[in-house]
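Q: Below is my_file.tsv; it holds TSV, C-alpha atoms and all ligand atoms.
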chain	number	residue	atom	x	y	z
A	21	MET	CA	24.53	-15.22	182.41
A	22	LEU	CA	21.70	-17.39	183.68
A	23	THR	CA	22.60	-19.51	186.67
A	24	THR	CA	20.80	-21.98	188.88
A	25	ALA	CA	21.02	-19.48	191.74
A	26	TYR	CA	19.22	-16.91	189.58
A	27	ALA	CA	16.49	-19.42	188.68
A	28	GLU	CA	16.10	-20.43	192.31
A	29	GLU	CA	15.66	-16.77	193.31
A	30	ILE	CA	12.75	-16.54	190.87
A	31	LEU	CA	11.20	-19.69	192.35
A	32	GLU	CA	11.56	-18.38	195.90
A	33	ILE	CA	9.58	-15.27	194.97
A	34	LEU	CA	6.93	-17.22	193.08
A	35	LYS	CA	6.49	-19.58	196.05
A	36	LEU	CA	5.28	-16.58	198.05
A	37	THR	CA	3.21	-14.91	195.38
A	38	VAL	CA	1.34	-17.38	193.19
A	39	ALA	CA	-1.13	-20.20	193.73
A	40	VAL	CA	-0.03	-23.71	192.80
A	41	PRO	CA	-2.44	-25.41	190.35
A	42	SER	CA	-4.07	-28.47	191.88
A	43	LEU	CA	-5.64	-30.39	188.99
A	44	VAL	CA	-2.96	-33.10	188.85
A	45	LYS	CA	-1.59	-34.23	192.18
A	46	ALA	CA	1.94	-35.44	192.79
A	47	LYS	CA	2.22	-39.23	193.17
A	48	SER	CA	-1.30	-39.77	191.84
A	49	ASP	CA	-2.22	-42.93	189.94
A	50	PRO	CA	-0.41	-42.78	186.55
A	51	PHE	CA	-3.37	-43.91	184.48
A	52	GLU	CA	-5.63	-41.32	186.12
A	53	THR	CA	-2.97	-38.67	185.48
A	54	LEU	CA	-2.83	-39.72	181.83
A	55	ILE	CA	-6.61	-39.51	181.41
A	56	ILE	CA	-6.92	-36.16	183.24
A	57	THR	CA	-4.14	-34.69	181.11
A	58	ILE	CA	-5.75	-35.87	177.87
A	59	ILE	CA	-9.06	-34.33	178.98
A	60	SER	CA	-7.33	-31.07	180.00
A	61	GLN	CA	-6.04	-30.24	176.51
A	62	ASN	CA	-7.28	-26.82	175.35
A	63	THR	CA	-9.62	-26.27	178.25
A	64	THR	CA	-9.66	-24.90	181.80
A	65	ASP	CA	-8.94	-26.80	185.00
A	66	LYS	CA	-12.57	-26.26	186.03
A	67	ASN	CA	-13.96	-27.89	182.87
A	68	THR	CA	-11.44	-30.71	183.14
A	69	ASP	CA	-12.48	-31.36	186.71
A	70	VAL	CA	-16.18	-31.48	185.80
A	71	ALA	CA	-15.51	-33.80	182.84
A	72	PHE	CA	-13.24	-36.15	184.81
A	73	THR	CA	-15.70	-36.31	187.73
A	74	ARG	CA	-18.48	-37.28	185.32
A	75	LEU	CA	-16.27	-39.93	183.73
A	76	LYS	CA	-15.43	-41.34	187.14
A	77	GLN	CA	-19.10	-41.56	188.05
A	78	TYR	CA	-19.76	-43.87	185.09
A	79	PHE	CA	-16.55	-45.86	184.74
A	80	ARG	CA	-13.70	-47.22	186.77
A	81	ILE	CA	-10.63	-45.30	185.59
A	82	THR	CA	-8.67	-48.33	184.45
A	83	PRO	CA	-7.41	-49.33	180.99
A	84	ASN	CA	-9.67	-52.38	180.98
A	85	SER	CA	-12.81	-50.47	181.86
A	86	LEU	CA	-12.23	-47.59	179.41
A	87	ALA	CA	-11.03	-49.84	176.57
A	88	ASN	CA	-14.33	-51.72	176.74
A	89	ALA	CA	-16.60	-48.75	177.42
A	90	SER	CA	-19.11	-47.36	174.96
A	91	THR	CA	-17.46	-44.55	173.00
A	92	SER	CA	-20.62	-42.46	173.01
A	93	GLN	CA	-20.87	-42.77	176.79
A	94	ILE	CA	-17.27	-41.55	177.24
A	95	GLU	CA	-18.03	-38.67	174.86
A	96	GLU	CA	-21.12	-37.74	176.85
A	97	CYS	CA	-19.16	-37.74	180.12
A	98	ILE	CA	-16.30	-35.56	178.94
A	99	LYS	CA	-18.35	-33.14	176.81
A	100	PRO	CA	-17.83	-30.22	179.26
A	101	ALA	CA	-14.11	-30.26	178.40
A	102	GLY	CA	-14.66	-29.74	174.64
A	103	LEU	CA	-13.03	-31.63	171.73
A	104	TYR	CA	-14.75	-34.63	173.25
A	105	ARG	CA	-14.73	-36.82	170.13
A	106	ASN	CA	-10.96	-36.59	169.67
A	107	LYS	CA	-10.30	-36.94	173.37
A	108	SER	CA	-12.60	-40.00	173.67
A	109	CYS	CA	-10.80	-41.59	170.74
A	110	THR	CA	-7.39	-40.98	172.37
A	111	ILE	CA	-8.63	-42.28	175.75
A	112	GLN	CA	-9.86	-45.51	174.16
A	113	THR	CA	-6.76	-45.93	171.99
A	114	VAL	CA	-4.32	-45.60	174.90
A	115	SER	CA	-6.51	-47.77	177.13
A	116	LYS	CA	-6.47	-50.55	174.52
A	117	ILE	CA	-2.70	-50.31	174.03
A	118	ILE	CA	-2.02	-50.44	177.77
A	119	GLN	CA	-4.50	-53.29	178.18
A	120	GLU	CA	-3.16	-55.37	175.30
A	121	LYS	CA	0.59	-54.61	175.33
A	122	TYR	CA	1.34	-53.77	178.96
A	123	LYS	CA	-0.92	-56.10	180.97
A	124	GLY	CA	-3.33	-53.32	181.84
A	125	SER	CA	-0.89	-51.15	183.78
A	126	LEU	CA	1.47	-48.27	183.10
A	127	ASN	CA	3.84	-49.55	185.76
A	128	ILE	CA	5.83	-51.66	183.31
A	129	ILE	CA	6.57	-48.54	181.25
A	130	LEU	CA	7.21	-46.28	184.22
A	131	THR	CA	9.88	-48.55	185.65
A	132	LEU	CA	11.92	-48.27	182.42
A	133	PRO	CA	14.84	-45.79	182.29
A	134	PHE	CA	13.57	-42.25	181.71
A	135	GLU	CA	14.30	-41.88	177.97
A	136	GLU	CA	12.90	-45.33	177.16
A	137	ALA	CA	9.76	-44.72	179.21
A	138	ARG	CA	9.28	-41.35	177.51
A	139	LYS	CA	9.71	-42.80	174.03
A	140	THR	CA	7.34	-45.69	174.74
A	141	LEU	CA	4.61	-43.31	175.94
A	142	LEU	CA	5.18	-40.94	173.01
A	143	ASP	CA	4.65	-43.82	170.60
A	144	MET	CA	1.02	-44.06	171.73
A	145	SER	CA	-1.22	-42.40	169.18
A	146	GLY	CA	-2.72	-39.08	170.26
A	147	VAL	CA	-0.37	-38.61	173.23
A	148	GLY	CA	1.92	-35.60	172.95
A	149	PRO	CA	5.09	-34.64	174.84
A	150	LYS	CA	3.35	-32.46	177.43
A	151	THR	CA	0.96	-35.26	178.41
A	152	VAL	CA	3.83	-37.75	178.59
A	153	ASP	CA	5.97	-35.42	180.69
A	154	VAL	CA	3.10	-34.75	183.11
A	155	VAL	CA	2.66	-38.49	183.69
A	156	LEU	CA	6.41	-39.04	184.08
A	157	LEU	CA	6.93	-36.13	186.47
A	158	PHE	CA	3.81	-36.33	188.62
A	159	SER	CA	3.22	-40.06	188.80
A	160	ALA	CA	6.68	-41.55	188.37
A	161	GLN	CA	8.90	-38.79	189.79
A	162	LYS	CA	11.02	-38.82	186.62
A	163	PRO	CA	13.27	-35.82	185.87
A	164	THR	CA	11.35	-33.76	183.33
A	165	ILE	CA	9.57	-30.40	183.12
A	166	PRO	CA	6.32	-30.47	181.12
A	167	VAL	CA	5.99	-27.36	178.95
A	168	ASP	CA	2.39	-26.24	178.71
A	169	THR	CA	1.26	-22.98	177.15
A	170	HIS	CA	1.93	-20.97	180.35
A	171	VAL	CA	5.36	-22.48	181.00
A	172	ASN	CA	6.31	-21.80	177.39
A	173	ARG	CA	5.13	-18.17	177.38
A	174	VAL	CA	6.47	-17.19	180.81
A	175	SER	CA	9.89	-18.81	180.24
A	176	LYS	CA	10.37	-17.02	176.93
A	177	ARG	CA	9.24	-13.64	178.24
A	178	LEU	CA	11.47	-13.96	181.28
A	179	GLY	CA	14.39	-14.93	179.07
A	180	ILE	CA	15.07	-18.29	180.74
A	181	ALA	CA	14.29	-20.16	177.50
A	182	PRO	CA	15.10	-19.20	173.88
A	183	LYS	CA	12.34	-17.06	172.32
A	184	THR	CA	11.96	-19.28	169.26
A	185	GLY	CA	12.64	-22.58	170.98
A	186	ASP	CA	10.31	-25.52	170.33
A	187	TYR	CA	8.98	-27.84	173.03
A	188	GLU	CA	12.19	-29.80	173.49
A	189	ILE	CA	14.45	-26.75	173.52
A	190	VAL	CA	12.33	-25.04	176.19
A	191	ARG	CA	12.10	-28.21	178.29
A	192	LEU	CA	15.84	-28.85	178.17
A	193	SER	CA	16.70	-25.18	178.83
A	194	LEU	CA	14.56	-25.18	181.97
A	195	GLN	CA	15.94	-28.52	183.12
A	196	LYS	CA	19.46	-27.18	182.78
A	197	LEU	CA	18.60	-24.15	184.85
A	198	PHE	CA	16.59	-25.61	187.74
A	199	VAL	CA	17.82	-28.29	190.13
A	200	GLU	CA	16.12	-31.64	189.62
A	201	ASN	CA	14.35	-31.55	192.99
A	202	ASP	CA	12.58	-28.38	191.89
A	203	TYR	CA	11.30	-29.57	188.50
A	204	LEU	CA	7.77	-30.17	189.78
A	205	LEU	CA	7.65	-26.89	191.66
A	206	ALA	CA	9.09	-24.93	188.73
A	207	HIS	CA	6.45	-26.41	186.40
A	208	GLN	CA	3.63	-25.57	188.83
A	209	LEU	CA	4.82	-22.08	189.73
A	210	LEU	CA	5.42	-21.02	186.13
A	211	ILE	CA	1.85	-22.09	185.34
A	212	GLY	CA	0.54	-20.23	188.39
A	213	HIS	CA	2.48	-17.13	187.40
A	214	GLY	CA	1.19	-17.32	183.81
A	215	ARG	CA	-2.38	-17.46	185.06
A	216	GLN	CA	-2.13	-14.74	187.68
A	217	PHE	CA	0.33	-12.20	186.24
A	218	CYS	CA	1.97	-13.12	182.96
A	219	LYS	CA	-1.29	-13.50	181.05
A	220	ALA	CA	-1.14	-14.15	177.32
A	221	ARG	CA	-2.80	-10.94	176.10
A	222	LYS	CA	-2.29	-8.38	178.85
A	223	PRO	CA	0.43	-9.33	181.30
A	224	LEU	CA	0.32	-7.44	184.59
A	225	CYS	CA	3.93	-6.32	184.40
A	226	ASN	CA	3.61	-3.44	186.84
A	227	SER	CA	2.43	-5.67	189.66
A	228	CYS	CA	4.49	-8.72	188.57
A	229	PRO	CA	6.57	-9.90	191.55
A	230	ILE	CA	9.45	-10.98	189.30
A	231	ASN	CA	9.51	-8.03	186.91
A	232	SER	CA	13.06	-7.13	187.93
A	233	TYR	CA	14.14	-10.52	186.49
A	234	CYS	CA	12.24	-10.14	183.23
A	235	GLU	CA	13.80	-9.48	179.84
A	236	THR	CA	10.59	-8.22	178.22
A	237	LYS	CA	8.82	-6.31	180.98
A	238	GLY	CA	8.92	-3.03	179.04
A	239	ALA	CA	7.46	-4.55	175.90
A	240	PHE	CA	3.81	-4.56	177.01
B	1	LIG	S1	7.27	-8.55	183.84
B	1	LIG	FE1	5.47	-8.94	182.56
B	1	LIG	S2	6.22	-10.20	180.87
B	1	LIG	FE2	7.76	-10.28	182.52
B	1	LIG	S3	7.23	-12.11	183.71
B	1	LIG	FE3	6.24	-10.35	184.68
B	1	LIG	S4	4.18	-10.29	183.78
B	1	LIG	FE4	5.46	-11.59	182.45
When written as structure tokens, how does the structure in this file appear?
Ligand code: SF4
A:
Amino acid sequence: MLTTAYAEEILEILKLTVAVPSLVKAKSDPFETLIITIISQNTTDKNTDVAFTRLKQYFRITPNSLANASTSQIEECIKPAGLYRNKSCTIQTVSKIIQEKYKGSLNIILTLPFEEARKTLLDMSGVGPKTVDVVLLFSAQKPTIPVDTHVNRVSKRLGIAPKTGDYEIVRLSLQKLFVENDYLLAHQLLIGHGRQFCKARKPLCNSCPINSYCETKGAF
């Protein structure tokens, strides 16, 4: 049976063996976190970083500034991250909503109780659960574990989340298993492990530091 002690053992090993991703920083400005996470969809950290740096060179990263910016200029800035038309549209939509409904700041939303804050952010067009959970965890220290593609794959292979579980099932399974203080670390280390060892196509099971904990290690 899976226990918190078991999950913590896995984390202890990963702490010593994988690099923690550094694109989004803990306690960073919530609006910046939101914009970085929108830009990061379906691309690498490196491309996201280039695109966000370019955006920052042209615009102040505030709802007011981006809501009133030229769409084509935002597109040009974030082109290196791909899907730039969709992402520009989402950036401007959320900027306008925050500007018009929330006095230009995410703080009003982030001080709501967790479920209410989550629902309010999810109601914004173009913003999915992973983006919302990243903002809530990193910039508001709310108790959630964002499930990106690495977290999803690694958790299911390890057997700490149901193999056919959707986003919510994986998120809630992980939250049940890890202690709340470790949610951020668990999210980061599962990503790091997915990048370094538990790769999508050819996982490095023989050299995987947690292979003795893995349900599917013999399958590759
Ligand atoms: S043993 Fe293989 S499948 Fe299991 S966690 Fe390690 S790399 Fe992933």
Q: If you count all atoms listed in the file, which residues fall within 9 Å of Leu130 in chain A, apart from same-chain ones fewer than 2 positions away, as an MDAnalysis selection string?
A: chainID A and resid 50 126:128 132:134 137:138 156 159:160 162
Q: Could you give me, as an mmCIF file with C-alpha atoms, in the coordinates of the input, the residues within 9 Å of Ala220 in chain A, counting all atoms listed in the file and dropping anything in the same chain fewer than 4 positions from it?
A:
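Wrote it out as around_20.cif, contents follow:
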data_model
loop_
_atom_site.group_PDB
_atom_site.id
_atom_site.type_symbol
_atom_site.label_atom_id
_atom_site.label_comp_id
_atom_site.auth_asym_id
_atom_site.auth_seq_id
_atom_site.Cartn_x
_atom_site.Cartn_y
_atom_site.Cartn_z
ATOM 1 C CA HIS A 170 1.930 -20.970 180.350
ATOM 2 C CA ARG A 173 5.130 -18.170 177.380
ATOM 3 C CA VAL A 174 6.470 -17.190 180.810
ATOM 4 C CA GLY A 214 1.190 -17.320 183.810
ATOM 5 C CA ARG A 215 -2.380 -17.460 185.060
#
Q: Residues within 10 Å of ligand LIG 1 (chain B) should be enumerated using only C-alpha atoms and all ligand atoms and returned as a ChimeraX atom specification.
A: /A:173-179,210,213-220,222-240
Q: Leaving out Leu209 in chain A and any residue of its chain fewer than 2 positions from it, which residues lie within 9 Å of it when counting all atoms listed in the file, given as an NGL selection string?
A: :A and (31 or 34-35 or 38-41 or 171 or 204-207 or 211-214)
Q: Point out the residue among A:Asn172, A:Cys109, A:Gly102, A:Phe79 with the least atom-to-atom distance to Thr184 in chain A, counting only C-alpha atoms.
A: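 Comparing A:Asn172, A:Cys109, A:Gly102, A:Phe79 against Thr184 in chain A, the winner is A:Asn172.
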Q: My list of candidates is A:Gln195, A:Thr91, A:Ser125, A:Gln77. Which is closest to Tyr104 in chain A when distances are computed with all atoms listed in the file?
A: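 The closest residue to Tyr104 in chain A is A:Thr91.
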Q: Hey, which of A:Ile58, A:Leu194, A:Cys97, A:Ala181 ends up closest to Gly146 in chain A? Count only C-alpha atoms.
A: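 The shortest atom-to-atom distance to Gly146 in chain A comes from A:Ile58.
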Q: For Asp143 in chain A, please output as a list in words all residues within 12 Å (counting all atoms listed in the file; exclusion window: fewer than 4 positions along the same chain).
A: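 Contacts, in chain order: Thr113, Val114, Ile117, Ile118, Ile129, Glu136, Ala137, Arg138, Lys139, Val147, Gly148, Pro149 and Val152 of chain A.
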Q: Between A:Ile111, A:Met144, A:Ile98, A:Leu36, which is the closest to Asn84 in chain A once you count only C-alpha atoms?
A: A:Ile111
Q: What is the CA of Lys107 in chain A to CA of Tyr187 in chain A distance in Å?
A: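 Separation of CA of Lys107 in chain A and CA of Tyr187 in chain A: 21.3 Å.
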Q: Neighbours of Thr151 in chain A within 8 Å (all atoms listed in the file; same-chain residues fewer than 6 positions away dropped), as a ChimeraX atom specification?
A: /A:54,57-58,166
Q: Please return as a PyMOL selection string every residue within 12 Å of (-16.0, -38.5, 176.8), taking into account only C-alpha atoms and the file's own coordinates.
A: chain A and resi 55-56+58-60+68+70-76+78-79+86+89-112
Q: Store the residues picked out above, limited to C-alpha atoms, as an mmCIF file, keeping the file's coordinate frame.
A:
data_model
loop_
_atom_site.group_PDB
_atom_site.id
_atom_site.type_symbol
_atom_site.label_atom_id
_atom_site.label_comp_id
_atom_site.auth_asym_id
_atom_site.auth_seq_id
_atom_site.Cartn_x
_atom_site.Cartn_y
_atom_site.Cartn_z
ATOM 1 C CA ILE A 55 -6.610 -39.510 181.410
ATOM 2 C CA ILE A 56 -6.920 -36.160 183.240
ATOM 3 C CA ILE A 58 -5.750 -35.870 177.870
ATOM 4 C CA ILE A 59 -9.060 -34.330 178.980
ATOM 5 C CA SER A 60 -7.330 -31.070 180.000
ATOM 6 C CA THR A 68 -11.440 -30.710 183.140
ATOM 7 C CA VAL A 70 -16.180 -31.480 185.800
ATOM 8 C CA ALA A 71 -15.510 -33.800 182.840
ATOM 9 C CA PHE A 72 -13.240 -36.150 184.810
ATOM 10 C CA THR A 73 -15.700 -36.310 187.730
ATOM 11 C CA ARG A 74 -18.480 -37.280 185.320
ATOM 12 C CA LEU A 75 -16.270 -39.930 183.730
ATOM 13 C CA LYS A 76 -15.430 -41.340 187.140
ATOM 14 C CA TYR A 78 -19.760 -43.870 185.090
ATOM 15 C CA PHE A 79 -16.550 -45.860 184.740
ATOM 16 C CA LEU A 86 -12.230 -47.590 179.410
ATOM 17 C CA ALA A 89 -16.600 -48.750 177.420
ATOM 18 C CA SER A 90 -19.110 -47.360 174.960
ATOM 19 C CA THR A 91 -17.460 -44.550 173.000
ATOM 20 C CA SER A 92 -20.620 -42.460 173.010
ATOM 21 C CA GLN A 93 -20.870 -42.770 176.790
ATOM 22 C CA ILE A 94 -17.270 -41.550 177.240
ATOM 23 C CA GLU A 95 -18.030 -38.670 174.860
ATOM 24 C CA GLU A 96 -21.120 -37.740 176.850
ATOM 25 C CA CYS A 97 -19.160 -37.740 180.120
ATOM 26 C CA ILE A 98 -16.300 -35.560 178.940
ATOM 27 C CA LYS A 99 -18.350 -33.140 176.810
ATOM 28 C CA PRO A 100 -17.830 -30.220 179.260
ATOM 29 C CA ALA A 101 -14.110 -30.260 178.400
ATOM 30 C CA GLY A 102 -14.660 -29.740 174.640
ATOM 31 C CA LEU A 103 -13.030 -31.630 171.730
ATOM 32 C CA TYR A 104 -14.750 -34.630 173.250
ATOM 33 C CA ARG A 105 -14.730 -36.820 170.130
ATOM 34 C CA ASN A 106 -10.960 -36.590 169.670
ATOM 35 C CA LYS A 107 -10.300 -36.940 173.370
ATOM 36 C CA SER A 108 -12.600 -40.000 173.670
ATOM 37 C CA CYS A 109 -10.800 -41.590 170.740
ATOM 38 C CA THR A 110 -7.390 -40.980 172.370
ATOM 39 C CA ILE A 111 -8.630 -42.280 175.750
ATOM 40 C CA GLN A 112 -9.860 -45.510 174.160
#
Q: Please determine, counting all atoms listed in the file, which residue among A:Asp69, A:Glu29, A:Asp186, A:Asp49 has the shortest atom-to-atom distance to Leu157 in chain A.
A: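 Once distances to Leu157 in chain A are computed over all atoms listed in the file, the minimum belongs to A:Asp49.
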